[in-house]
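**Q** Structure supplied as structure-v9.txt; contents: compact mmCIF, N, CA and C atoms.
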```
# COMPACT_ATOMS: atom_id res chain seq x y z
N MET A 1 -18.75 15.99 7.79
CA MET A 1 -17.77 14.94 7.98
C MET A 1 -17.47 14.30 6.64
N GLY A 2 -16.21 14.00 6.39
CA GLY A 2 -15.79 13.37 5.14
C GLY A 2 -16.13 11.89 5.10
N THR A 3 -15.73 11.29 4.03
CA THR A 3 -15.97 9.86 3.86
C THR A 3 -14.68 9.10 4.06
N GLY A 4 -14.83 7.82 4.33
CA GLY A 4 -13.66 6.97 4.49
C GLY A 4 -13.45 6.13 3.24
N ARG A 5 -12.21 5.87 2.91
CA ARG A 5 -11.91 5.05 1.74
C ARG A 5 -10.77 4.11 2.09
N LEU A 6 -10.97 2.85 1.75
CA LEU A 6 -9.93 1.85 1.96
C LEU A 6 -9.10 1.76 0.69
N VAL A 7 -7.80 1.89 0.85
CA VAL A 7 -6.86 1.73 -0.26
C VAL A 7 -5.99 0.53 0.08
N VAL A 8 -5.80 -0.37 -0.88
CA VAL A 8 -5.00 -1.57 -0.66
C VAL A 8 -3.86 -1.60 -1.67
N ASP A 9 -2.83 -2.38 -1.36
CA ASP A 9 -1.74 -2.50 -2.34
C ASP A 9 -2.17 -3.37 -3.50
N SER A 10 -2.98 -4.40 -3.24
CA SER A 10 -3.50 -5.27 -4.28
C SER A 10 -4.86 -5.78 -3.85
N ARG A 11 -5.88 -5.51 -4.64
CA ARG A 11 -7.24 -5.94 -4.30
C ARG A 11 -7.31 -7.45 -4.15
N ALA A 12 -6.76 -8.17 -5.13
CA ALA A 12 -6.82 -9.63 -5.10
C ALA A 12 -6.13 -10.19 -3.86
N THR A 13 -4.98 -9.65 -3.53
CA THR A 13 -4.24 -10.13 -2.36
C THR A 13 -4.96 -9.77 -1.07
N ALA A 14 -5.48 -8.55 -1.00
CA ALA A 14 -6.20 -8.13 0.21
C ALA A 14 -7.41 -9.01 0.46
N LEU A 15 -8.14 -9.36 -0.59
CA LEU A 15 -9.35 -10.17 -0.43
C LEU A 15 -9.03 -11.65 -0.20
N ALA A 16 -7.79 -12.04 -0.42
CA ALA A 16 -7.40 -13.43 -0.21
C ALA A 16 -6.60 -13.64 1.07
N LYS A 17 -5.81 -12.60 1.48
CA LYS A 17 -4.85 -12.81 2.55
C LYS A 17 -4.87 -11.81 3.69
N SER A 18 -5.56 -10.70 3.55
CA SER A 18 -5.53 -9.68 4.59
C SER A 18 -6.56 -10.02 5.67
N GLY A 19 -6.06 -10.42 6.82
CA GLY A 19 -6.96 -10.76 7.93
C GLY A 19 -7.90 -9.63 8.29
N ASP A 20 -7.40 -8.40 8.29
CA ASP A 20 -8.24 -7.25 8.64
C ASP A 20 -9.40 -7.08 7.66
N VAL A 21 -9.08 -7.17 6.38
CA VAL A 21 -10.12 -7.00 5.35
C VAL A 21 -11.09 -8.18 5.39
N LEU A 22 -10.56 -9.38 5.47
CA LEU A 22 -11.42 -10.57 5.48
C LEU A 22 -12.35 -10.57 6.69
N LEU A 23 -11.86 -10.17 7.85
CA LEU A 23 -12.70 -10.10 9.04
C LEU A 23 -13.80 -9.06 8.88
N ALA A 24 -13.44 -7.88 8.39
CA ALA A 24 -14.43 -6.82 8.19
C ALA A 24 -15.51 -7.26 7.21
N VAL A 25 -15.12 -7.97 6.16
CA VAL A 25 -16.10 -8.47 5.18
C VAL A 25 -16.97 -9.54 5.82
N SER A 26 -16.36 -10.49 6.53
CA SER A 26 -17.14 -11.59 7.12
C SER A 26 -18.10 -11.11 8.20
N GLU A 27 -17.75 -10.03 8.89
CA GLU A 27 -18.63 -9.49 9.93
C GLU A 27 -19.63 -8.48 9.38
N GLY A 28 -19.56 -8.23 8.09
CA GLY A 28 -20.53 -7.33 7.47
C GLY A 28 -20.24 -5.85 7.60
N HIS A 29 -19.04 -5.50 8.05
CA HIS A 29 -18.66 -4.09 8.19
C HIS A 29 -18.15 -3.48 6.89
N LEU A 30 -17.78 -4.34 5.96
CA LEU A 30 -17.20 -3.90 4.70
C LEU A 30 -17.69 -4.83 3.60
N ALA A 31 -18.20 -4.24 2.54
CA ALA A 31 -18.61 -5.05 1.39
C ALA A 31 -17.38 -5.35 0.54
N GLU A 32 -17.30 -6.57 0.04
CA GLU A 32 -16.16 -6.97 -0.78
C GLU A 32 -16.01 -6.03 -1.98
N ASP A 33 -17.13 -5.58 -2.54
CA ASP A 33 -17.05 -4.69 -3.70
C ASP A 33 -16.66 -3.26 -3.33
N ALA A 34 -16.47 -2.99 -2.04
CA ALA A 34 -15.98 -1.68 -1.60
C ALA A 34 -14.46 -1.62 -1.65
N VAL A 35 -13.83 -2.77 -1.82
CA VAL A 35 -12.37 -2.84 -1.92
C VAL A 35 -12.01 -2.69 -3.39
N THR A 36 -11.90 -1.46 -3.83
CA THR A 36 -11.71 -1.20 -5.26
C THR A 36 -10.47 -0.38 -5.58
N VAL A 37 -9.99 0.40 -4.63
CA VAL A 37 -8.90 1.33 -4.93
C VAL A 37 -7.57 0.74 -4.49
N GLU A 38 -6.65 0.63 -5.45
CA GLU A 38 -5.31 0.15 -5.16
C GLU A 38 -4.35 1.34 -5.09
N LEU A 39 -3.28 1.17 -4.33
CA LEU A 39 -2.29 2.24 -4.17
C LEU A 39 -1.77 2.73 -5.52
N GLY A 40 -1.50 1.81 -6.42
CA GLY A 40 -1.02 2.20 -7.75
C GLY A 40 -2.00 3.10 -8.48
N ASP A 41 -3.31 2.84 -8.28
CA ASP A 41 -4.33 3.68 -8.91
C ASP A 41 -4.25 5.12 -8.38
N VAL A 42 -4.03 5.25 -7.07
CA VAL A 42 -3.96 6.59 -6.46
C VAL A 42 -2.70 7.31 -6.90
N ILE A 43 -1.62 6.56 -7.08
CA ILE A 43 -0.37 7.18 -7.54
C ILE A 43 -0.54 7.72 -8.95
N VAL A 44 -1.20 6.96 -9.80
CA VAL A 44 -1.42 7.38 -11.19
C VAL A 44 -2.45 8.50 -11.26
N ASP A 45 -3.51 8.41 -10.44
CA ASP A 45 -4.59 9.40 -10.46
C ASP A 45 -4.96 9.77 -9.03
N PRO A 46 -4.29 10.78 -8.44
CA PRO A 46 -4.54 11.15 -7.05
C PRO A 46 -6.00 11.47 -6.73
N ARG A 47 -6.81 11.77 -7.73
CA ARG A 47 -8.23 12.05 -7.48
C ARG A 47 -8.96 10.82 -6.94
N LEU A 48 -8.37 9.64 -7.12
CA LEU A 48 -8.98 8.42 -6.60
C LEU A 48 -8.77 8.28 -5.09
N GLY A 49 -7.91 9.10 -4.54
CA GLY A 49 -7.65 9.09 -3.09
C GLY A 49 -8.60 10.03 -2.38
N ARG A 50 -8.06 10.89 -1.57
CA ARG A 50 -8.88 11.84 -0.81
C ARG A 50 -9.50 12.87 -1.74
N ARG A 51 -10.76 13.15 -1.51
CA ARG A 51 -11.47 14.16 -2.32
C ARG A 51 -11.62 15.47 -1.58
N SER A 52 -11.44 15.44 -0.25
CA SER A 52 -11.52 16.66 0.54
C SER A 52 -10.62 16.49 1.76
N ASP A 53 -10.36 17.59 2.45
CA ASP A 53 -9.52 17.54 3.64
C ASP A 53 -10.16 16.73 4.76
N ASP A 54 -11.46 16.52 4.69
CA ASP A 54 -12.17 15.77 5.73
C ASP A 54 -12.19 14.27 5.46
N ASP A 55 -11.82 13.87 4.27
CA ASP A 55 -11.82 12.44 3.95
C ASP A 55 -10.80 11.69 4.79
N ILE A 56 -11.11 10.45 5.05
CA ILE A 56 -10.22 9.58 5.80
C ILE A 56 -9.79 8.45 4.88
N THR A 57 -8.47 8.24 4.78
CA THR A 57 -7.95 7.16 3.96
C THR A 57 -7.31 6.13 4.87
N LEU A 58 -7.72 4.90 4.71
CA LEU A 58 -7.14 3.79 5.44
C LEU A 58 -6.38 2.94 4.44
N PHE A 59 -5.06 2.82 4.64
CA PHE A 59 -4.26 2.00 3.74
C PHE A 59 -3.98 0.67 4.40
N ASN A 60 -4.33 -0.41 3.73
CA ASN A 60 -4.08 -1.75 4.23
C ASN A 60 -3.11 -2.43 3.28
N SER A 61 -1.93 -2.77 3.81
CA SER A 61 -0.91 -3.40 2.98
C SER A 61 -0.65 -4.81 3.48
N VAL A 62 -0.75 -5.75 2.60
CA VAL A 62 -0.39 -7.12 2.95
C VAL A 62 1.04 -7.40 2.51
N GLY A 63 1.61 -6.50 1.79
CA GLY A 63 2.99 -6.62 1.37
C GLY A 63 3.14 -7.34 0.04
N ILE A 64 3.76 -6.69 -0.87
CA ILE A 64 4.05 -7.26 -2.17
C ILE A 64 5.56 -7.22 -2.33
N GLY A 65 6.14 -8.29 -2.82
CA GLY A 65 7.59 -8.39 -2.94
C GLY A 65 8.23 -7.21 -3.64
N LEU A 66 7.58 -6.69 -4.67
CA LEU A 66 8.14 -5.56 -5.41
C LEU A 66 8.30 -4.34 -4.49
N GLN A 67 7.35 -4.13 -3.60
CA GLN A 67 7.46 -3.01 -2.66
C GLN A 67 8.69 -3.18 -1.77
N ASP A 68 8.94 -4.41 -1.32
CA ASP A 68 10.12 -4.69 -0.50
C ASP A 68 11.40 -4.39 -1.27
N LEU A 69 11.45 -4.81 -2.53
CA LEU A 69 12.64 -4.57 -3.35
C LEU A 69 12.90 -3.08 -3.57
N VAL A 70 11.84 -2.34 -3.87
CA VAL A 70 11.99 -0.89 -4.09
C VAL A 70 12.45 -0.21 -2.81
N THR A 71 11.86 -0.59 -1.69
CA THR A 71 12.26 0.00 -0.41
C THR A 71 13.72 -0.30 -0.10
N ALA A 72 14.13 -1.55 -0.30
CA ALA A 72 15.53 -1.92 -0.05
C ALA A 72 16.47 -1.13 -0.95
N ARG A 73 16.13 -0.99 -2.23
CA ARG A 73 16.97 -0.24 -3.17
C ARG A 73 17.12 1.20 -2.72
N LEU A 74 16.01 1.83 -2.30
CA LEU A 74 16.06 3.22 -1.85
C LEU A 74 16.95 3.36 -0.61
N LEU A 75 16.85 2.41 0.30
CA LEU A 75 17.67 2.47 1.51
C LEU A 75 19.15 2.27 1.20
N VAL A 76 19.46 1.33 0.33
CA VAL A 76 20.85 1.10 -0.05
C VAL A 76 21.41 2.34 -0.74
N ASP A 77 20.66 2.90 -1.68
CA ASP A 77 21.12 4.10 -2.38
C ASP A 77 21.35 5.26 -1.41
N ALA A 78 20.46 5.43 -0.44
CA ALA A 78 20.60 6.51 0.54
C ALA A 78 21.83 6.28 1.40
N ALA A 79 22.07 5.03 1.81
CA ALA A 79 23.25 4.72 2.62
C ALA A 79 24.52 4.98 1.83
N LEU A 80 24.55 4.56 0.57
CA LEU A 80 25.74 4.80 -0.26
C LEU A 80 25.98 6.29 -0.46
N ALA A 81 24.93 7.04 -0.70
CA ALA A 81 25.06 8.49 -0.91
C ALA A 81 25.56 9.19 0.34
N SER A 82 25.22 8.65 1.51
CA SER A 82 25.63 9.26 2.78
C SER A 82 26.92 8.64 3.33
N ASP A 83 27.46 7.68 2.57
CA ASP A 83 28.69 7.00 2.98
C ASP A 83 28.56 6.38 4.38
N ILE A 84 27.45 5.71 4.59
CA ILE A 84 27.24 5.01 5.86
C ILE A 84 27.00 3.53 5.59
N GLY A 85 27.24 2.73 6.60
CA GLY A 85 27.03 1.29 6.45
C GLY A 85 28.30 0.60 5.96
N THR A 86 28.18 -0.68 5.77
CA THR A 86 29.29 -1.49 5.30
C THR A 86 28.88 -2.22 4.03
N ARG A 87 29.67 -2.06 2.99
CA ARG A 87 29.39 -2.76 1.73
C ARG A 87 29.87 -4.19 1.85
N VAL A 88 28.99 -5.14 1.52
CA VAL A 88 29.32 -6.56 1.55
C VAL A 88 29.12 -7.13 0.17
N GLU A 89 30.15 -7.73 -0.39
CA GLU A 89 30.05 -8.34 -1.72
C GLU A 89 29.41 -9.71 -1.56
N MET A 90 28.30 -9.93 -2.25
CA MET A 90 27.54 -11.17 -2.11
C MET A 90 27.76 -12.15 -3.25
N SER A 91 28.39 -11.72 -4.33
CA SER A 91 28.61 -12.65 -5.45
C SER A 91 29.84 -13.51 -5.20
N ALA A 92 29.80 -14.70 -5.72
CA ALA A 92 30.93 -15.62 -5.50
C ALA A 92 31.82 -15.68 -6.72
```
Written as structure tokens, that's how I'd like the structure from this file.
**A**
Amino acid sequence: MGTGRLVVDSRATALAKSGDVLLAVSEGHLAEDAVTVELGDVIVDPRLGRRSDDDITLFNSVGIGLQDLVTARLLVDAALASDIGTRVEMSA
């Protein structure tokens, strides 16, 4: 059986605001020092993620504004490329 690894978008934010992580730590199911791998780390070095096909990765996201902006930009670009949706001018 593989091992499990928790990946978070931001360690500091997860340990301050993620109810799931905070509950697991307070109940003793997860050590605070086990929250070490951030999504950005795995993107830069995939070896920090799964090490075998049996490994289990749990991603906990509390949401970071930059992720929202990137997602919105990708969706707008895809809509424009597919000529779908309605363009609304927001500047005055």
**Q** Contacts of region 19-33 of chain A at 10 Å or less, counting only C-alpha atoms, minus same-chain residues fewer than 2 places along, as a PyMOL selection string?
**A** chain A and resi 6+8+11+14-17+35-36+60+62
**Q** Write out, as a CSV table (one decimal), keeping the file's coordinate frame, the residues just selected, with N, CA and C atoms.
**A**
```csv
chain,number,residue,atom,x,y,z
A,6,LEU,N,-11.0,2.8,1.8
A,6,LEU,CA,-9.9,1.8,2.0
A,6,LEU,C,-9.1,1.8,0.7
A,8,VAL,N,-5.8,-0.4,-0.9
A,8,VAL,CA,-5.0,-1.6,-0.7
A,8,VAL,C,-3.9,-1.6,-1.7
A,11,ARG,N,-5.9,-5.5,-4.6
A,11,ARG,CA,-7.2,-5.9,-4.3
A,11,ARG,C,-7.3,-7.4,-4.2
A,14,ALA,N,-5.5,-8.6,-1.0
A,14,ALA,CA,-6.2,-8.1,0.2
A,14,ALA,C,-7.4,-9.0,0.5
A,15,LEU,N,-8.1,-9.4,-0.6
A,15,LEU,CA,-9.4,-10.2,-0.4
A,15,LEU,C,-9.0,-11.6,-0.2
A,16,ALA,N,-7.8,-12.0,-0.4
A,16,ALA,CA,-7.4,-13.4,-0.2
A,16,ALA,C,-6.6,-13.6,1.1
A,17,LYS,N,-5.8,-12.6,1.5
A,17,LYS,CA,-4.8,-12.8,2.6
A,17,LYS,C,-4.9,-11.8,3.7
A,35,VAL,N,-13.8,-2.8,-1.8
A,35,VAL,CA,-12.4,-2.8,-1.9
A,35,VAL,C,-12.0,-2.7,-3.4
A,36,THR,N,-11.9,-1.5,-3.8
A,36,THR,CA,-11.7,-1.2,-5.3
A,36,THR,C,-10.5,-0.4,-5.6
A,60,ASN,N,-4.3,-0.4,3.7
A,60,ASN,CA,-4.1,-1.8,4.2
A,60,ASN,C,-3.1,-2.4,3.3
A,62,VAL,N,-0.8,-5.8,2.6
A,62,VAL,CA,-0.4,-7.1,3.0
A,62,VAL,C,1.0,-7.4,2.5
```
**Q** Between CA of Ile56 (chain A) and atom C of Asp9 (chain A), what is the spacing in Å?
**A**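 Taking atom C of Asp9 (chain A) as the start and CA of Ile56 (chain A) as the end point, the length is 17.9 Å.
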**Q** Could you tell me, as a count of residues only, which residues of chain A DSSP assigns to strand (DSSP E) when given the backbone?
**A** 12
**Q** Please measure the separation of CA of Arg50 (chain A) and CA of Arg5 (chain A), giving the value in Å to one decimal.
**A**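 Between these atoms lies a distance of 7.9 Å.
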**Q** Let me make sure I understand: among A:Gly4, A:Gly85, A:Gly63, A:Pro46, which one has the smallest atom-to-atom distance to Ser18 (chain A) if we use only C-alpha atoms?
**A**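 Ranked by minimum distance to Ser18 (chain A), first place goes to A:Gly63.
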**Q** So the first atom is atom N of Leu39 (chain A) and the second is atom N of Ser61 (chain A); what is the distance between them in Å, to one decimal place?
**A** 9.1 Å
**Q** Using backbone DSSP assignments, extract all helix (DSSP H, G or I) residues from chain A; output them as number ranges by chain.
**A** A: 11-17, 19-26, 32-34, 39-44, 46-48, 65-81
**Q** Keeping N, CA and C atoms for every residue in the selection just given, could you write it to a file as a compact mmCIF listing (two decimals), in the coordinates of the input?
**A**
```
# COMPACT_ATOMS: atom_id res chain seq x y z
N ARG A 11 -5.88 -5.51 -4.64
CA ARG A 11 -7.24 -5.94 -4.30
C ARG A 11 -7.31 -7.45 -4.15
N ALA A 12 -6.76 -8.17 -5.13
CA ALA A 12 -6.82 -9.63 -5.10
C ALA A 12 -6.13 -10.19 -3.86
N THR A 13 -4.98 -9.65 -3.53
CA THR A 13 -4.24 -10.13 -2.36
C THR A 13 -4.96 -9.77 -1.07
N ALA A 14 -5.48 -8.55 -1.00
CA ALA A 14 -6.20 -8.13 0.21
C ALA A 14 -7.41 -9.01 0.46
N LEU A 15 -8.14 -9.36 -0.59
CA LEU A 15 -9.35 -10.17 -0.43
C LEU A 15 -9.03 -11.65 -0.20
N ALA A 16 -7.79 -12.04 -0.42
CA ALA A 16 -7.40 -13.43 -0.21
C ALA A 16 -6.60 -13.64 1.07
N LYS A 17 -5.81 -12.60 1.48
CA LYS A 17 -4.85 -12.81 2.55
C LYS A 17 -4.87 -11.81 3.69
N GLY A 19 -6.06 -10.42 6.82
CA GLY A 19 -6.96 -10.76 7.93
C GLY A 19 -7.90 -9.63 8.29
N ASP A 20 -7.40 -8.40 8.29
CA ASP A 20 -8.24 -7.25 8.64
C ASP A 20 -9.40 -7.08 7.66
N VAL A 21 -9.08 -7.17 6.38
CA VAL A 21 -10.12 -7.00 5.35
C VAL A 21 -11.09 -8.18 5.39
N LEU A 22 -10.56 -9.38 5.47
CA LEU A 22 -11.42 -10.57 5.48
C LEU A 22 -12.35 -10.57 6.69
N LEU A 23 -11.86 -10.17 7.85
CA LEU A 23 -12.70 -10.10 9.04
C LEU A 23 -13.80 -9.06 8.88
N ALA A 24 -13.44 -7.88 8.39
CA ALA A 24 -14.43 -6.82 8.19
C ALA A 24 -15.51 -7.26 7.21
N VAL A 25 -15.12 -7.97 6.16
CA VAL A 25 -16.10 -8.47 5.18
C VAL A 25 -16.97 -9.54 5.82
N SER A 26 -16.36 -10.49 6.53
CA SER A 26 -17.14 -11.59 7.12
C SER A 26 -18.10 -11.11 8.20
N GLU A 32 -17.30 -6.57 0.04
CA GLU A 32 -16.16 -6.97 -0.78
C GLU A 32 -16.01 -6.03 -1.98
N ASP A 33 -17.13 -5.58 -2.54
CA ASP A 33 -17.05 -4.69 -3.70
C ASP A 33 -16.66 -3.26 -3.33
N ALA A 34 -16.47 -2.99 -2.04
CA ALA A 34 -15.98 -1.68 -1.60
C ALA A 34 -14.46 -1.62 -1.65
N LEU A 39 -3.28 1.17 -4.33
CA LEU A 39 -2.29 2.24 -4.17
C LEU A 39 -1.77 2.73 -5.52
N GLY A 40 -1.50 1.81 -6.42
CA GLY A 40 -1.02 2.20 -7.75
C GLY A 40 -2.00 3.10 -8.48
N ASP A 41 -3.31 2.84 -8.28
CA ASP A 41 -4.33 3.68 -8.91
C ASP A 41 -4.25 5.12 -8.38
N VAL A 42 -4.03 5.25 -7.07
CA VAL A 42 -3.96 6.59 -6.46
C VAL A 42 -2.70 7.31 -6.90
N ILE A 43 -1.62 6.56 -7.08
CA ILE A 43 -0.37 7.18 -7.54
C ILE A 43 -0.54 7.72 -8.95
N VAL A 44 -1.20 6.96 -9.80
CA VAL A 44 -1.42 7.38 -11.19
C VAL A 44 -2.45 8.50 -11.26
N PRO A 46 -4.29 10.78 -8.44
CA PRO A 46 -4.54 11.15 -7.05
C PRO A 46 -6.00 11.47 -6.73
N ARG A 47 -6.81 11.77 -7.73
CA ARG A 47 -8.23 12.05 -7.48
C ARG A 47 -8.96 10.82 -6.94
N LEU A 48 -8.37 9.64 -7.12
CA LEU A 48 -8.98 8.42 -6.60
C LEU A 48 -8.77 8.28 -5.09
N GLY A 65 6.14 -8.29 -2.82
CA GLY A 65 7.59 -8.39 -2.94
C GLY A 65 8.23 -7.21 -3.64
N LEU A 66 7.58 -6.69 -4.67
CA LEU A 66 8.14 -5.56 -5.41
C LEU A 66 8.30 -4.34 -4.49
N GLN A 67 7.35 -4.13 -3.60
CA GLN A 67 7.46 -3.01 -2.66
C GLN A 67 8.69 -3.18 -1.77
N ASP A 68 8.94 -4.41 -1.32
CA ASP A 68 10.12 -4.69 -0.50
C ASP A 68 11.40 -4.39 -1.27
N LEU A 69 11.45 -4.81 -2.53
CA LEU A 69 12.64 -4.57 -3.35
C LEU A 69 12.90 -3.08 -3.57
N VAL A 70 11.84 -2.34 -3.87
CA VAL A 70 11.99 -0.89 -4.09
C VAL A 70 12.45 -0.21 -2.81
N THR A 71 11.86 -0.59 -1.69
CA THR A 71 12.26 0.00 -0.41
C THR A 71 13.72 -0.30 -0.10
N ALA A 72 14.13 -1.55 -0.30
CA ALA A 72 15.53 -1.92 -0.05
C ALA A 72 16.47 -1.13 -0.95
N ARG A 73 16.13 -0.99 -2.23
CA ARG A 73 16.97 -0.24 -3.17
C ARG A 73 17.12 1.20 -2.72
N LEU A 74 16.01 1.83 -2.30
CA LEU A 74 16.06 3.22 -1.85
C LEU A 74 16.95 3.36 -0.61
N LEU A 75 16.85 2.41 0.30
CA LEU A 75 17.67 2.47 1.51
C LEU A 75 19.15 2.27 1.20
N VAL A 76 19.46 1.33 0.33
CA VAL A 76 20.85 1.10 -0.05
C VAL A 76 21.41 2.34 -0.74
N ASP A 77 20.66 2.90 -1.68
CA ASP A 77 21.12 4.10 -2.38
C ASP A 77 21.35 5.26 -1.41
N ALA A 78 20.46 5.43 -0.44
CA ALA A 78 20.60 6.51 0.54
C ALA A 78 21.83 6.28 1.40
N ALA A 79 22.07 5.03 1.81
CA ALA A 79 23.25 4.72 2.62
C ALA A 79 24.52 4.98 1.83
N LEU A 80 24.55 4.56 0.57
CA LEU A 80 25.74 4.80 -0.26
C LEU A 80 25.98 6.29 -0.46
N ALA A 81 24.93 7.04 -0.70
CA ALA A 81 25.06 8.49 -0.91
C ALA A 81 25.56 9.19 0.34
```
**Q** Got a minute to add all heavy atoms to region 31-39 of chain A and dump it as a compact mmCIF listing (two decimals), keeping the file's coordinate frame?
**A**
```txt
# COMPACT_ATOMS: atom_id res chain seq x y z
N ALA A 31 -18.20 -4.24 2.54
CA ALA A 31 -18.61 -5.05 1.39
C ALA A 31 -17.38 -5.35 0.54
O ALA A 31 -16.51 -4.50 0.37
CB ALA A 31 -19.64 -4.30 0.56
N GLU A 32 -17.30 -6.57 0.04
CA GLU A 32 -16.16 -6.97 -0.78
C GLU A 32 -16.01 -6.03 -1.98
O GLU A 32 -14.90 -5.69 -2.37
CB GLU A 32 -16.36 -8.41 -1.24
CG GLU A 32 -15.13 -9.02 -1.83
CD GLU A 32 -15.27 -10.51 -2.08
OE1 GLU A 32 -15.54 -11.25 -1.12
OE2 GLU A 32 -15.09 -10.91 -3.25
N ASP A 33 -17.13 -5.58 -2.54
CA ASP A 33 -17.05 -4.69 -3.70
C ASP A 33 -16.66 -3.26 -3.33
O ASP A 33 -16.50 -2.42 -4.19
CB ASP A 33 -18.33 -4.73 -4.52
CG ASP A 33 -19.56 -4.24 -3.77
OD1 ASP A 33 -19.45 -3.88 -2.57
OD2 ASP A 33 -20.64 -4.23 -4.37
N ALA A 34 -16.47 -2.99 -2.04
CA ALA A 34 -15.98 -1.68 -1.60
C ALA A 34 -14.46 -1.62 -1.65
O ALA A 34 -13.87 -0.55 -1.53
CB ALA A 34 -16.48 -1.36 -0.20
N VAL A 35 -13.83 -2.77 -1.82
CA VAL A 35 -12.37 -2.84 -1.92
C VAL A 35 -12.01 -2.69 -3.39
O VAL A 35 -11.89 -3.67 -4.12
CB VAL A 35 -11.83 -4.17 -1.33
CG1 VAL A 35 -10.31 -4.18 -1.37
CG2 VAL A 35 -12.34 -4.39 0.07
N THR A 36 -11.90 -1.46 -3.83
CA THR A 36 -11.71 -1.20 -5.26
C THR A 36 -10.47 -0.38 -5.58
O THR A 36 -9.97 -0.43 -6.70
CB THR A 36 -12.92 -0.47 -5.86
OG1 THR A 36 -13.10 0.76 -5.17
CG2 THR A 36 -14.18 -1.30 -5.74
N VAL A 37 -9.99 0.40 -4.63
CA VAL A 37 -8.90 1.33 -4.93
C VAL A 37 -7.57 0.74 -4.49
O VAL A 37 -7.37 0.41 -3.33
CB VAL A 37 -9.13 2.69 -4.23
CG1 VAL A 37 -8.01 3.67 -4.58
CG2 VAL A 37 -10.48 3.28 -4.63
N GLU A 38 -6.65 0.63 -5.45
CA GLU A 38 -5.31 0.15 -5.16
C GLU A 38 -4.35 1.34 -5.09
O GLU A 38 -4.57 2.37 -5.73
CB GLU A 38 -4.84 -0.84 -6.23
CG GLU A 38 -5.64 -2.12 -6.23
CD GLU A 38 -5.11 -3.15 -7.22
OE1 GLU A 38 -4.26 -2.81 -8.07
OE2 GLU A 38 -5.56 -4.31 -7.13
N LEU A 39 -3.28 1.17 -4.33
CA LEU A 39 -2.29 2.24 -4.17
C LEU A 39 -1.77 2.73 -5.52
O LEU A 39 -1.63 3.93 -5.74
CB LEU A 39 -1.13 1.75 -3.29
CG LEU A 39 -0.02 2.75 -3.03
CD1 LEU A 39 -0.56 4.00 -2.34
CD2 LEU A 39 1.07 2.10 -2.19
```
